[in-house]
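Engineer: Provided below: start-v7.pdb, containing PDB, C-alpha atoms.
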ATOM      1  CA  MET A  29       0.000   0.000   0.000
ATOM      2  CA  ASN A  30       2.504   2.592  -1.106
ATOM      3  CA  SER A  31       1.428   6.156  -1.643
ATOM      4  CA  SER A  32       2.675   9.620  -0.928
ATOM      5  CA  GLY A  33       3.179  10.429   2.768
ATOM      6  CA  PRO A  34       0.565  13.119   3.417
ATOM      7  CA  ALA A  35      -2.137  11.304   1.404
ATOM      8  CA  TRP A  36      -1.451   8.086   3.316
ATOM      9  CA  TRP A  37      -1.648   9.832   6.673
ATOM     10  CA  TRP A  38      -4.807  11.685   5.696
ATOM     11  CA  SER A  39      -6.369   8.364   4.682
ATOM     12  CA  LEU A  40      -5.372   6.913   8.051
ATOM     13  CA  VAL A  41      -6.958   9.814   9.923
ATOM     14  CA  GLN A  42     -10.131   9.420   7.870
ATOM     15  CA  ALA A  43     -10.132   5.673   8.500
ATOM     16  CA  VAL A  44      -9.965   6.268  12.265
ATOM     17  CA  LEU A  45     -12.801   8.790  12.034
ATOM     18  CA  LEU A  46     -14.790   6.308   9.960
ATOM     19  CA  LEU A  47     -14.200   3.624  12.586
ATOM     20  CA  ILE A  48     -15.330   5.920  15.396
ATOM     21  CA  CYS A  49     -18.434   7.192  13.587
ATOM     22  CA  SER A  50     -19.649   3.784  12.393
ATOM     23  CA  SER A  51     -18.995   2.244  15.827
ATOM     24  CA  LEU A  52     -21.015   5.015  17.445
ATOM     25  CA  ALA A  53     -23.823   4.319  14.975
ATOM     26  CA  GLY A  54     -23.749   0.660  15.984
ATOM     27  CA  LEU A  55     -23.785   1.598  19.662
ATOM     28  CA  ALA A  56     -26.683   3.985  19.098
ATOM     29  CA  VAL A  57     -28.749   1.201  17.542
ATOM     30  CA  ASN A  58     -27.741  -1.521  20.023
ATOM     31  CA  HIS A  59     -27.089   0.525  23.164
ATOM     32  CA  GLN A  60     -29.624  -1.385  25.281
ATOM     33  CA  LEU A  61     -28.077  -4.750  24.477
ATOM     34  CA  VAL A  62     -24.559  -3.502  25.246
ATOM     35  CA  PHE A  63     -25.616  -1.756  28.467
ATOM     36  CA  ASP A  64     -27.410  -4.919  29.606
ATOM     37  CA  ALA A  65     -24.337  -7.020  28.859
ATOM     38  CA  PHE A  66     -22.001  -4.720  30.815
ATOM     39  CA  ALA A  67     -24.526  -4.370  33.631
ATOM     40  CA  GLY A  68     -24.622  -8.159  33.885
ATOM     41  CA  ARG A  69     -28.317  -8.345  33.134
ATOM     42  CA  LEU A  70     -27.699 -10.887  30.386
ATOM     43  CA  THR A  71     -25.341 -12.942  32.468
ATOM     44  CA  THR A  72     -24.928 -12.778  36.207
ATOM     45  CA  SER A  73     -28.075 -11.105  37.462
ATOM     46  CA  VAL A  74     -29.777 -14.345  38.277
ATOM     47  CA  GLU A  75     -31.242 -12.958  41.515
ATOM     48  CA  ALA A  76     -32.619  -9.921  39.722
ATOM     49  CA  ALA A  77     -34.319 -12.251  37.297
ATOM     50  CA  THR A  78     -35.286 -10.915  33.921
ATOM     51  CA  PRO A  79     -39.039 -10.471  33.665
ATOM     52  CA  VAL A  80     -40.871 -13.503  32.383
ATOM     53  CA  ALA A  81     -42.150 -11.559  29.392
ATOM     54  CA  ASP A  82     -38.578 -11.138  28.132
ATOM     55  CA  LEU A  83     -37.779 -14.778  28.669
ATOM     56  CA  THR A  84     -40.599 -15.935  26.467
ATOM     57  CA  THR A  85     -38.769 -14.790  23.373
ATOM     58  CA  PHE A  86     -35.117 -15.552  23.965
ATOM     59  CA  PRO A  87     -33.057 -17.736  26.295
ATOM     60  CA  VAL A  88     -30.747 -16.001  28.764
ATOM     61  CA  PRO A  89     -26.994 -16.741  28.659
ATOM     62  CA  ALA A  90     -25.622 -18.046  31.977
ATOM     63  CA  LEU A  91     -22.008 -18.225  33.098
ATOM     64  CA  LEU A  92     -20.352 -21.002  35.104
ATOM     65  CA  ALA A  93     -20.607 -18.737  38.159
ATOM     66  CA  ASP A  94     -24.388 -18.543  37.713
ATOM     67  CA  ILE A  95     -25.076 -22.249  37.658
ATOM     68  CA  ASP A  96     -24.938 -22.909  41.414
ATOM     69  CA  SER A  97     -27.300 -20.036  42.089
ATOM     70  CA  LEU A  98     -29.719 -21.275  39.433
ATOM     71  CA  LEU A  99     -29.591 -24.809  40.838
ATOM     72  CA  GLU A 100     -30.297 -23.485  44.348
ATOM     73  CA  GLN A 101     -33.391 -21.860  42.895
ATOM     74  CA  GLY A 102     -34.590 -25.244  41.660
ATOM     75  CA  GLY A 103     -32.951 -25.062  38.257
ATOM     76  CA  LEU A 104     -32.552 -28.172  36.141
ATOM     77  CA  LEU A 105     -29.505 -28.778  33.955
ATOM     78  CA  VAL A 106     -30.441 -30.288  30.614
ATOM     79  CA  ASP A 107     -27.844 -31.917  28.371
ATOM     80  CA  ALA A 108     -28.579 -31.307  24.674
ATOM     81  CA  ARG A 109     -25.784 -33.577  23.389
ATOM     82  CA  PRO A 110     -26.495 -36.984  21.841
ATOM     83  CA  GLN A 111     -27.541 -39.726  24.286
ATOM     84  CA  ASP A 112     -24.364 -41.814  23.859
ATOM     85  CA  ILE A 113     -22.132 -38.846  24.696
ATOM     86  CA  TYR A 114     -24.304 -38.034  27.718
ATOM     87  CA  ALA A 115     -24.005 -41.645  28.853
ATOM     88  CA  LEU A 116     -20.208 -41.419  28.808
ATOM     89  CA  GLU A 117     -19.881 -38.157  30.728
ATOM     90  CA  HIS A 118     -22.239 -35.412  31.807
ATOM     91  CA  ILE A 119     -22.649 -32.762  34.472
ATOM     92  CA  THR A 120     -23.754 -34.426  37.685
ATOM     93  CA  GLY A 121     -27.495 -34.024  38.125
ATOM     94  CA  ALA A 122     -28.144 -33.132  34.493
ATOM     95  CA  VAL A 123     -30.863 -34.900  32.546
ATOM     96  CA  SER A 124     -30.507 -35.889  28.912
ATOM     97  CA  LEU A 125     -32.697 -34.277  26.269
ATOM     98  CA  PRO A 126     -30.765 -34.604  23.016
ATOM     99  CA  MET A 127     -31.785 -32.577  19.982
ATOM    100  CA  LEU A 128     -31.483 -35.798  18.012
ATOM    101  CA  GLY A 129     -34.768 -37.649  18.547
ATOM    102  CA  LEU A 130     -36.326 -34.804  20.501
ATOM    103  CA  ASP A 131     -39.843 -35.665  19.299
ATOM    104  CA  GLU A 132     -39.609 -39.017  21.080
ATOM    105  CA  THR A 133     -38.016 -37.860  24.337
ATOM    106  CA  PHE A 134     -39.691 -34.501  24.863
ATOM    107  CA  PRO A 135     -43.201 -35.715  25.908
ATOM    108  CA  ARG A 136     -41.721 -37.581  28.903
ATOM    109  CA  PHE A 137     -39.597 -34.533  29.837
ATOM    110  CA  ARG A 138     -42.677 -32.326  29.584
ATOM    111  CA  GLU A 139     -44.645 -34.608  31.897
ATOM    112  CA  GLN A 140     -41.936 -34.513  34.561
ATOM    113  CA  THR A 141     -40.935 -30.847  34.333
ATOM    114  CA  PRO A 142     -43.287 -27.970  35.151
ATOM    115  CA  LEU A 143     -43.285 -25.021  32.743
ATOM    116  CA  ASP A 144     -42.173 -22.515  35.393
ATOM    117  CA  ARG A 145     -39.074 -24.464  36.429
ATOM    118  CA  LYS A 146     -35.714 -22.874  35.589
ATOM    119  CA  ILE A 147     -34.072 -24.849  32.787
ATOM    120  CA  ILE A 148     -30.365 -24.536  31.940
ATOM    121  CA  THR A 149     -29.383 -26.115  28.638
ATOM    122  CA  TYR A 150     -25.806 -26.966  27.727
ATOM    123  CA  CYS A 151     -23.885 -28.921  25.119
ATOM    124  CA  SER A 152     -20.242 -29.071  24.005
ATOM    125  CA  GLY A 153     -19.249 -25.503  24.784
ATOM    126  CA  TYR A 154     -18.889 -22.336  22.762
ATOM    127  CA  GLY A 155     -19.764 -22.873  19.122
ATOM    128  CA  CYS A 156     -22.083 -25.773  19.886
ATOM    129  CA  GLN A 157     -25.541 -25.008  18.526
ATOM    130  CA  ASP A 158     -27.631 -27.713  20.201
ATOM    131  CA  SER A 159     -28.064 -25.943  23.559
ATOM    132  CA  PHE A 160     -29.441 -22.861  21.790
ATOM    133  CA  ASP A 161     -31.740 -24.909  19.548
ATOM    134  CA  LEU A 162     -33.016 -26.877  22.530
ATOM    135  CA  ALA A 163     -33.542 -23.676  24.556
ATOM    136  CA  MET A 164     -35.579 -22.166  21.722
ATOM    137  CA  HIS A 165     -37.617 -25.376  21.454
ATOM    138  CA  LEU A 166     -38.346 -25.300  25.190
ATOM    139  CA  ILE A 167     -39.424 -21.664  25.003
ATOM    140  CA  LEU A 168     -41.732 -22.437  22.108
ATOM    141  CA  GLU A 169     -43.201 -25.283  24.168
ATOM    142  CA  GLY A 170     -44.044 -22.812  26.925
ATOM    143  CA  TYR A 171     -41.082 -22.945  29.322
ATOM    144  CA  GLN A 172     -40.704 -19.481  30.790
ATOM    145  CA  ASN A 173     -37.272 -19.542  32.447
ATOM    146  CA  VAL A 174     -34.756 -20.954  30.004
ATOM    147  CA  TYR A 175     -31.025 -20.295  30.287
ATOM    148  CA  ILE A 176     -28.095 -21.362  28.123
ATOM    149  CA  TYR A 177     -24.829 -22.346  29.755
ATOM    150  CA  GLU A 178     -22.594 -21.558  26.777
ATOM    151  CA  GLY A 179     -19.377 -22.813  28.361
ATOM    152  CA  GLY A 180     -21.026 -26.211  28.411
ATOM    153  CA  PHE A 181     -19.530 -29.527  29.477
ATOM    154  CA  PRO A 182     -15.903 -28.682  28.480
ATOM    155  CA  GLU A 183     -15.796 -25.577  30.693
ATOM    156  CA  TRP A 184     -17.553 -27.368  33.573
ATOM    157  CA  GLN A 185     -15.125 -30.275  33.426
ATOM    158  CA  ALA A 186     -12.072 -28.004  33.072
ATOM    159  CA  ALA A 187     -13.205 -26.113  36.184
ATOM    160  CA  GLY A 188     -13.103 -29.378  38.163
ATOM    161  CA  ARG A 189     -16.834 -29.422  38.793
ATOM    162  CA  PRO A 190     -18.533 -32.785  39.449
ATOM    163  CA  VAL A 191     -19.258 -34.999  36.465
ATOM    164  CA  ALA A 192     -20.902 -38.414  36.168
ATOM    165  CA  GLY A 193     -21.222 -41.139  33.556
ATOM    166  CA  GLU A 194     -20.099 -44.560  32.402
ATOM    167  CA  GLY A 195     -16.863 -43.263  30.891
ATOM    168  CA  LEU A 196     -15.350 -42.254  34.232
TER     169      LEU A 196
ATOM    170  CA  MET B  23      -3.240  -0.372 -19.729
ATOM    171  CA  LYS B  24      -5.212   2.477 -18.218
ATOM    172  CA  LEU B  25      -8.467   0.731 -19.165
ATOM    173  CA  SER B  26      -7.340  -2.480 -17.509
ATOM    174  CA  ARG B  27      -6.351  -0.611 -14.328
ATOM    175  CA  ASN B  28      -9.737   1.054 -14.277
ATOM    176  CA  SER B  29     -11.459  -2.299 -14.737
ATOM    177  CA  PHE B  30      -9.449  -3.917 -11.946
ATOM    178  CA  PHE B  31     -10.121  -0.996  -9.627
ATOM    179  CA  LEU B  32     -13.850  -1.044 -10.443
ATOM    180  CA  THR B  33     -14.088  -4.812  -9.973
ATOM    181  CA  GLY B  34     -12.152  -4.809  -6.695
ATOM    182  CA  ARG B  35     -14.124  -1.885  -5.317
ATOM    183  CA  LEU B  36     -17.497  -3.397  -6.195
ATOM    184  CA  VAL B  37     -16.647  -6.915  -5.003
ATOM    185  CA  LEU B  38     -15.319  -5.648  -1.675
ATOM    186  CA  GLY B  39     -18.247  -3.260  -1.332
ATOM    187  CA  VAL B  40     -20.851  -5.976  -1.882
ATOM    188  CA  VAL B  41     -19.061  -8.546   0.301
ATOM    189  CA  PHE B  42     -18.669  -6.280   3.322
ATOM    190  CA  LEU B  43     -22.071  -4.646   2.949
ATOM    191  CA  TYR B  44     -23.677  -8.103   2.914
ATOM    192  CA  ALA B  45     -21.532  -9.308   5.825
ATOM    193  CA  GLY B  46     -22.444  -6.231   7.860
ATOM    194  CA  LEU B  47     -26.170  -6.306   7.113
ATOM    195  CA  ILE B  48     -26.610  -9.981   7.945
ATOM    196  CA  LYS B  49     -24.814  -9.556  11.280
ATOM    197  CA  ALA B  50     -26.606  -6.318  12.140
ATOM    198  CA  ALA B  51     -29.899  -8.168  11.706
ATOM    199  CA  ASP B  52     -28.989 -10.628  14.503
ATOM    200  CA  VAL B  53     -26.612  -8.900  16.904
ATOM    201  CA  ALA B  54     -27.278 -11.276  19.807
ATOM    202  CA  GLY B  55     -26.597 -14.279  17.596
ATOM    203  CA  PHE B  56     -23.418 -12.683  16.308
ATOM    204  CA  ALA B  57     -22.330 -11.992  19.903
ATOM    205  CA  GLY B  58     -22.541 -15.723  20.483
ATOM    206  CA  GLN B  59     -20.298 -16.306  17.480
ATOM    207  CA  VAL B  60     -17.768 -13.764  18.777
ATOM    208  CA  ALA B  61     -17.900 -15.460  22.185
ATOM    209  CA  ALA B  62     -17.102 -18.776  20.509
ATOM    210  CA  TYR B  63     -13.610 -17.428  19.733
ATOM    211  CA  GLN B  64     -13.018 -17.237  23.522
ATOM    212  CA  LEU B  65     -10.847 -14.147  23.166
ATOM    213  CA  LEU B  66     -12.840 -11.468  24.974
ATOM    214  CA  PRO B  67     -14.557 -11.045  28.347
ATOM    215  CA  TYR B  68     -18.254 -11.879  28.039
ATOM    216  CA  ALA B  69     -19.714  -8.351  27.810
ATOM    217  CA  PHE B  70     -17.114  -7.251  25.262
ATOM    218  CA  ASN B  71     -18.455  -9.868  22.847
ATOM    219  CA  TYR B  72     -21.662  -7.850  22.786
ATOM    220  CA  LEU B  73     -19.745  -4.592  22.270
ATOM    221  CA  VAL B  74     -17.938  -6.043  19.256
ATOM    222  CA  ALA B  75     -21.159  -7.548  17.905
ATOM    223  CA  ALA B  76     -22.945  -4.214  18.259
ATOM    224  CA  THR B  77     -20.315  -2.152  16.435
ATOM    225  CA  LEU B  78     -18.437  -4.358  13.943
ATOM    226  CA  PRO B  79     -21.371  -4.878  11.526
ATOM    227  CA  TYR B  80     -21.829  -1.122  11.221
ATOM    228  CA  VAL B  81     -18.151  -0.587  10.419
ATOM    229  CA  GLU B  82     -18.481  -3.208   7.676
ATOM    230  CA  ILE B  83     -21.660  -1.597   6.366
ATOM    231  CA  ALA B  84     -20.052   1.871   6.307
ATOM    232  CA  CYS B  85     -16.982   0.595   4.444
ATOM    233  CA  GLY B  86     -19.141  -1.369   1.989
ATOM    234  CA  VAL B  87     -21.344   1.625   1.206
ATOM    235  CA  LEU B  88     -18.359   3.966   0.758
ATOM    236  CA  LEU B  89     -16.702   1.535  -1.657
ATOM    237  CA  LEU B  90     -19.890   1.015  -3.665
ATOM    238  CA  PHE B  91     -20.474   4.749  -3.947
ATOM    239  CA  LYS B  92     -16.762   5.467  -4.571
ATOM    240  CA  ARG B  93     -16.464   7.848  -1.643
ATOM    241  CA  HIS B  94     -13.429   7.908   0.691
ATOM    242  CA  VAL B  95     -12.165   4.732  -0.957
ATOM    243  CA  ARG B  96      -8.678   4.799   0.611
ATOM    244  CA  PRO B  97      -9.893   5.226   4.230
ATOM    245  CA  ALA B  98     -12.464   2.467   3.689
ATOM    246  CA  LEU B  99      -9.810   0.131   2.258
ATOM    247  CA  LEU B 100      -7.417   0.968   5.073
ATOM    248  CA  LEU B 101     -10.060   0.228   7.700
ATOM    249  CA  LEU B 102     -11.036  -3.031   5.993
ATOM    250  CA  ALA B 103      -7.365  -4.033   5.846
ATOM    251  CA  GLY B 104      -7.007  -3.367   9.574
ATOM    252  CA  MET B 105     -10.145  -5.339  10.403
ATOM    253  CA  ASN B 106      -9.094  -8.167   8.121
ATOM    254  CA  LEU B 107      -5.753  -8.392   9.929
ATOM    255  CA  VAL B 108      -7.628  -8.695  13.227
ATOM    256  CA  PHE B 109      -9.891 -11.400  11.738
ATOM    257  CA  ILE B 110      -6.864 -13.300  10.444
ATOM    258  CA  GLY B 111      -5.197 -13.073  13.855
ATOM    259  CA  ALA B 112      -8.354 -14.339  15.576
ATOM    260  CA  LEU B 113      -8.706 -17.249  13.153
ATOM    261  CA  LEU B 114      -5.048 -18.188  13.574
ATOM    262  CA  SER B 115      -5.625 -18.179  17.332
ATOM    263  CA  VAL B 116      -8.649 -20.467  16.885
ATOM    264  CA  ALA B 117      -6.616 -22.852  14.719
ATOM    265  CA  TRP B 118      -3.722 -22.775  17.216
ATOM    266  CA  ARG B 119      -6.011 -23.659  20.133
ATOM    267  CA  GLY B 120      -7.761 -26.386  18.137
ATOM    268  CA  LEU B 121     -11.227 -24.904  18.594
ATOM    269  CA  GLU B 122     -13.825 -26.267  16.223
ATOM    270  CA  ILE B 123     -16.119 -23.316  15.676
ATOM    271  CA  ASP B 124     -18.004 -21.713  12.844
ATOM    272  CA  CYS B 125     -16.275 -18.469  11.859
ATOM    273  CA  GLY B 126     -19.529 -16.459  12.000
ATOM    274  CA  CYS B 127     -18.230 -14.243   9.188
ATOM    275  CA  PHE B 128     -21.328 -14.316   7.015
ATOM    276  CA  ASP B 129     -23.809 -16.115   9.245
ATOM    277  CA  PRO B 130     -24.464 -14.871  12.792
ATOM    278  CA  THR B 131     -26.296 -18.078  13.694
ATOM    279  CA  GLY B 132     -23.135 -20.108  13.110
ATOM    280  CA  SER B 133     -24.915 -22.654  10.932
ATOM    281  CA  SER B 134     -22.870 -22.087   7.764
ATOM    282  CA  GLY B 135     -20.311 -24.695   8.797
ATOM    283  CA  THR B 136     -17.363 -22.579   7.638
ATOM    284  CA  SER B 137     -14.246 -23.839   9.397
ATOM    285  CA  ALA B 138     -11.476 -21.575  10.689
ATOM    286  CA  GLY B 139      -9.172 -22.808   7.895
ATOM    287  CA  ALA B 140     -11.670 -21.996   5.135
ATOM    288  CA  ALA B 141     -12.398 -18.611   6.699
ATOM    289  CA  LEU B 142      -8.672 -17.897   6.965
ATOM    290  CA  LEU B 143      -8.215 -18.662   3.282
ATOM    291  CA  ARG B 144     -11.142 -16.408   2.404
ATOM    292  CA  ASP B 145      -9.744 -13.570   4.517
ATOM    293  CA  LEU B 146      -6.357 -13.896   2.825
ATOM    294  CA  VAL B 147      -8.052 -13.634  -0.591
ATOM    295  CA  LEU B 148      -9.990 -10.571   0.589
ATOM    296  CA  MET B 149      -6.757  -9.092   1.946
ATOM    297  CA  GLY B 150      -5.127  -9.579  -1.449
ATOM    298  CA  LEU B 151      -8.099  -7.912  -3.118
ATOM    299  CA  ILE B 152      -7.910  -4.969  -0.702
ATOM    300  CA  VAL B 153      -4.188  -4.477  -1.415
ATOM    301  CA  MET B 154      -4.703  -4.742  -5.196
ATOM    302  CA  THR B 155      -7.599  -2.282  -5.140
ATOM    303  CA  TRP B 156      -5.492   0.147  -3.096
ATOM    304  CA  ARG B 157      -2.637  -0.125  -5.592
ATOM    305  CA  PHE B 158      -4.895   0.417  -8.607
ATOM    306  CA  LYS B 159      -6.489   3.378  -6.848
ATOM    307  CA  SER B 160      -3.036   4.855  -6.221
ATOM    308  CA  ALA B 161      -1.986   4.227  -9.839
ATOM    309  CA  ARG B 162      -5.139   5.905 -11.127
ATOM    310  CA  SER B 163      -4.549   8.904  -8.873
ATOM    311  CA  ALA B 164      -0.913   9.195 -10.043
ATOM    312  CA  GLU B 165      -1.996   9.232 -13.687
ATOM    313  CA  ARG B 166      -4.229  12.223 -13.157
TER     314      ARG B 166
END
Mind turning this structure into structure tokens?
Structural biologist:
Amino acid sequence: MNSSGPAWWWSLVQAVLLLICSSLAGLAVNHQLVFDAFAGRLTTSVEAATPVADLTTFPVPALLADIDSLLEQGGLLVDARPQDIYALEHITGAVSLPMLGLDETFPRFREQTPLDRKIITYCSGYGCQDSFDLAMHLILEGYQNVYIYEGGFPEWQAAGRPVAGEGL
Amino acid sequence: MKLSRNSFFLTGRLVLGVVFLYAGLIKAADVAGFAGQVAAYQLLPYAFNYLVAATLPYVEIACGVLLLFKRHVRPALLLLAGMNLVFIGALLSVAWRGLEIDCGCFDPTGSSGTSAGAALLRDLVLMGLIVMTWRFKSARSAER
């Protein structure tokens, strides 16, 4: 990218201004989401629970630090990974509700789990889609307090938290 | 020769404009989903994933629009080059750590199945296109 000195520097200054202005535009549009994230309302404010009306449209992300608090409030960990992987290793106390074959397993889950119970879905960590898909399915089925533990089994295991299964 | 330079400049400008405008618009339409994709890189504290997701699409949109309308082409190219370097660094980090994630570059839901390697290759091609477009822009300016 060779060019004359002043023109290059002027382009750089304009690029920085462009970055600032477009970022501010993005912040203006999404300020509520960003404020909520920094205020912890999307993550750690489990006690100050998000109103039910908000939870009916989108699951709430939960961090590792939130899980104990959610469990104390009667939360149920739900493993969205395939059944055979769950059988090998899973978070202690979690129940299996794999996305694969959900139509067959969901009716039994629905019978045993009231709609107002806090549900925390997880799968194989960041980048794994199943926990989100399962959370959305649960919300559509009427569950009102659905959380996603995005760190999932890998983060839980790496943190030395209790795990169970045949593979241990 | 001048005609060919003009054609290369036009092609590069339009391709980059369309690519980044599309990338920005599709992410801006699902900021929360894109935040999840940024989080999958495991590079930033949780809330900062949302900050990046809220701002990055608009930078891409601004650069895409400026390139398409041939306004402030050099600043837009410079900014895209800087962002592309950051993307390449992030993807190299993902490959180094052995994370198997979707790059989230053109699909905020992460369902495109684009691996870090494929995304890295694509970013290198885009980087080459940015450099070539900059050079043809400079050559055109020098001729005037």
Engineer: In Å to one decimal, how far is atom CA of Asp107 of chain A from atom CA of Pro126 of chain A?
Structural biologist: 6.7 Å
Engineer: Could you tell me which residues the ChimeraX specification (/B :<9) & /A grabs in this file, written as a ChimeraX atom specification?
Structural biologist: /A:29-31,36,38-44,46-55,57-59,61-68,70-71,91,153-157,178
Engineer: Can you measure atom CA of Ser124 of chain A to atom CA of Leu166 of chain A for me? One decimal in Å is fine.
Structural biologist: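 Separating atom CA of Ser124 of chain A from atom CA of Leu166 of chain A is a distance of 13.7 Å.
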Engineer: For atom CA of Leu38 of chain B and atom CA of Leu148 of chain B, quote the distance in Å rounded to one decimal.
Structural biologist: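 Going from atom CA of Leu38 of chain B over to atom CA of Leu148 of chain B covers 7.6 Å.
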Engineer: As a ChimeraX atom specification, please: the residues near Ser159 of chain A (cut-off 7 Å, all atoms listed in the file, same-chain neighbours under 5 positions excluded).
Structural biologist: /A:108,149-151,176
Engineer: Using the chain letters and numbers from this file, what does the PyMOL selection byres ((chain B and resi 138) around 7) select? Give the answer as a ChimeraX atom specification.
Structural biologist: /B:113,116-117,124-125,136-137,139-142
Engineer: Which of these, A:Gly121, A:Pro182, A:Gly129, A:Gly193, has the shortest distance to Asp96 of chain A once you count only C-alpha atoms?
Structural biologist: A:Gly121
Engineer: Can you pull out every residue within 10 Å of segment 110-117 of chain A, counting only C-alpha atoms, but drop anything in the same chain fewer than 3 positions away, and send it as a list in words?
Structural biologist: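 The residues satisfying every condition are Asp107, Thr120, Ala122, Val123, Ser124, Leu125, Pro126, Met127, Leu128, Gly129, Cys151, Ser152, Asp158, Phe181, Gln185, Val191, Ala192, Gly193, Glu194, Gly195 and Leu196 of chain A.
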Engineer: Once the PyMOL selection byres ((chain A and resi 167) around 8) has been applied to the shown file, what residues remain in the selection, as a short mmCIF file (atom, residue, chain, number, x, y, z; two decimals) with C-alpha atoms, in the frame of the given file?
Structural biologist:
data_model
loop_
_atom_site.label_atom_id
_atom_site.label_comp_id
_atom_site.auth_asym_id
_atom_site.auth_seq_id
_atom_site.Cartn_x
_atom_site.Cartn_y
_atom_site.Cartn_z
CA LEU A 83 -37.78 -14.78 28.67
CA THR A 84 -40.60 -15.94 26.47
CA THR A 85 -38.77 -14.79 23.37
CA PHE A 86 -35.12 -15.55 23.96
CA PRO A 87 -33.06 -17.74 26.30
CA ALA A 163 -33.54 -23.68 24.56
CA MET A 164 -35.58 -22.17 21.72
CA HIS A 165 -37.62 -25.38 21.45
CA LEU A 166 -38.35 -25.30 25.19
CA LEU A 168 -41.73 -22.44 22.11
CA GLU A 169 -43.20 -25.28 24.17
CA GLY A 170 -44.04 -22.81 26.92
CA TYR A 171 -41.08 -22.94 29.32
CA GLN A 172 -40.70 -19.48 30.79
CA VAL A 174 -34.76 -20.95 30.00
#
Engineer: Of the candidates B:Ala103, B:Leu65, B:Leu88, B:Cys127, which one gets nearest to Ser115 of chain B if we count only C-alpha atoms?
Structural biologist: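 Nearest candidate to Ser115 of chain B out of B:Ala103, B:Leu65, B:Leu88, B:Cys127: B:Leu65.
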Engineer: Which is closest to Arg144 of chain B among B:Leu89, B:Leu36, B:Val41, B:Phe31, if we use all atoms listed in the file?
Structural biologist: B:Val41
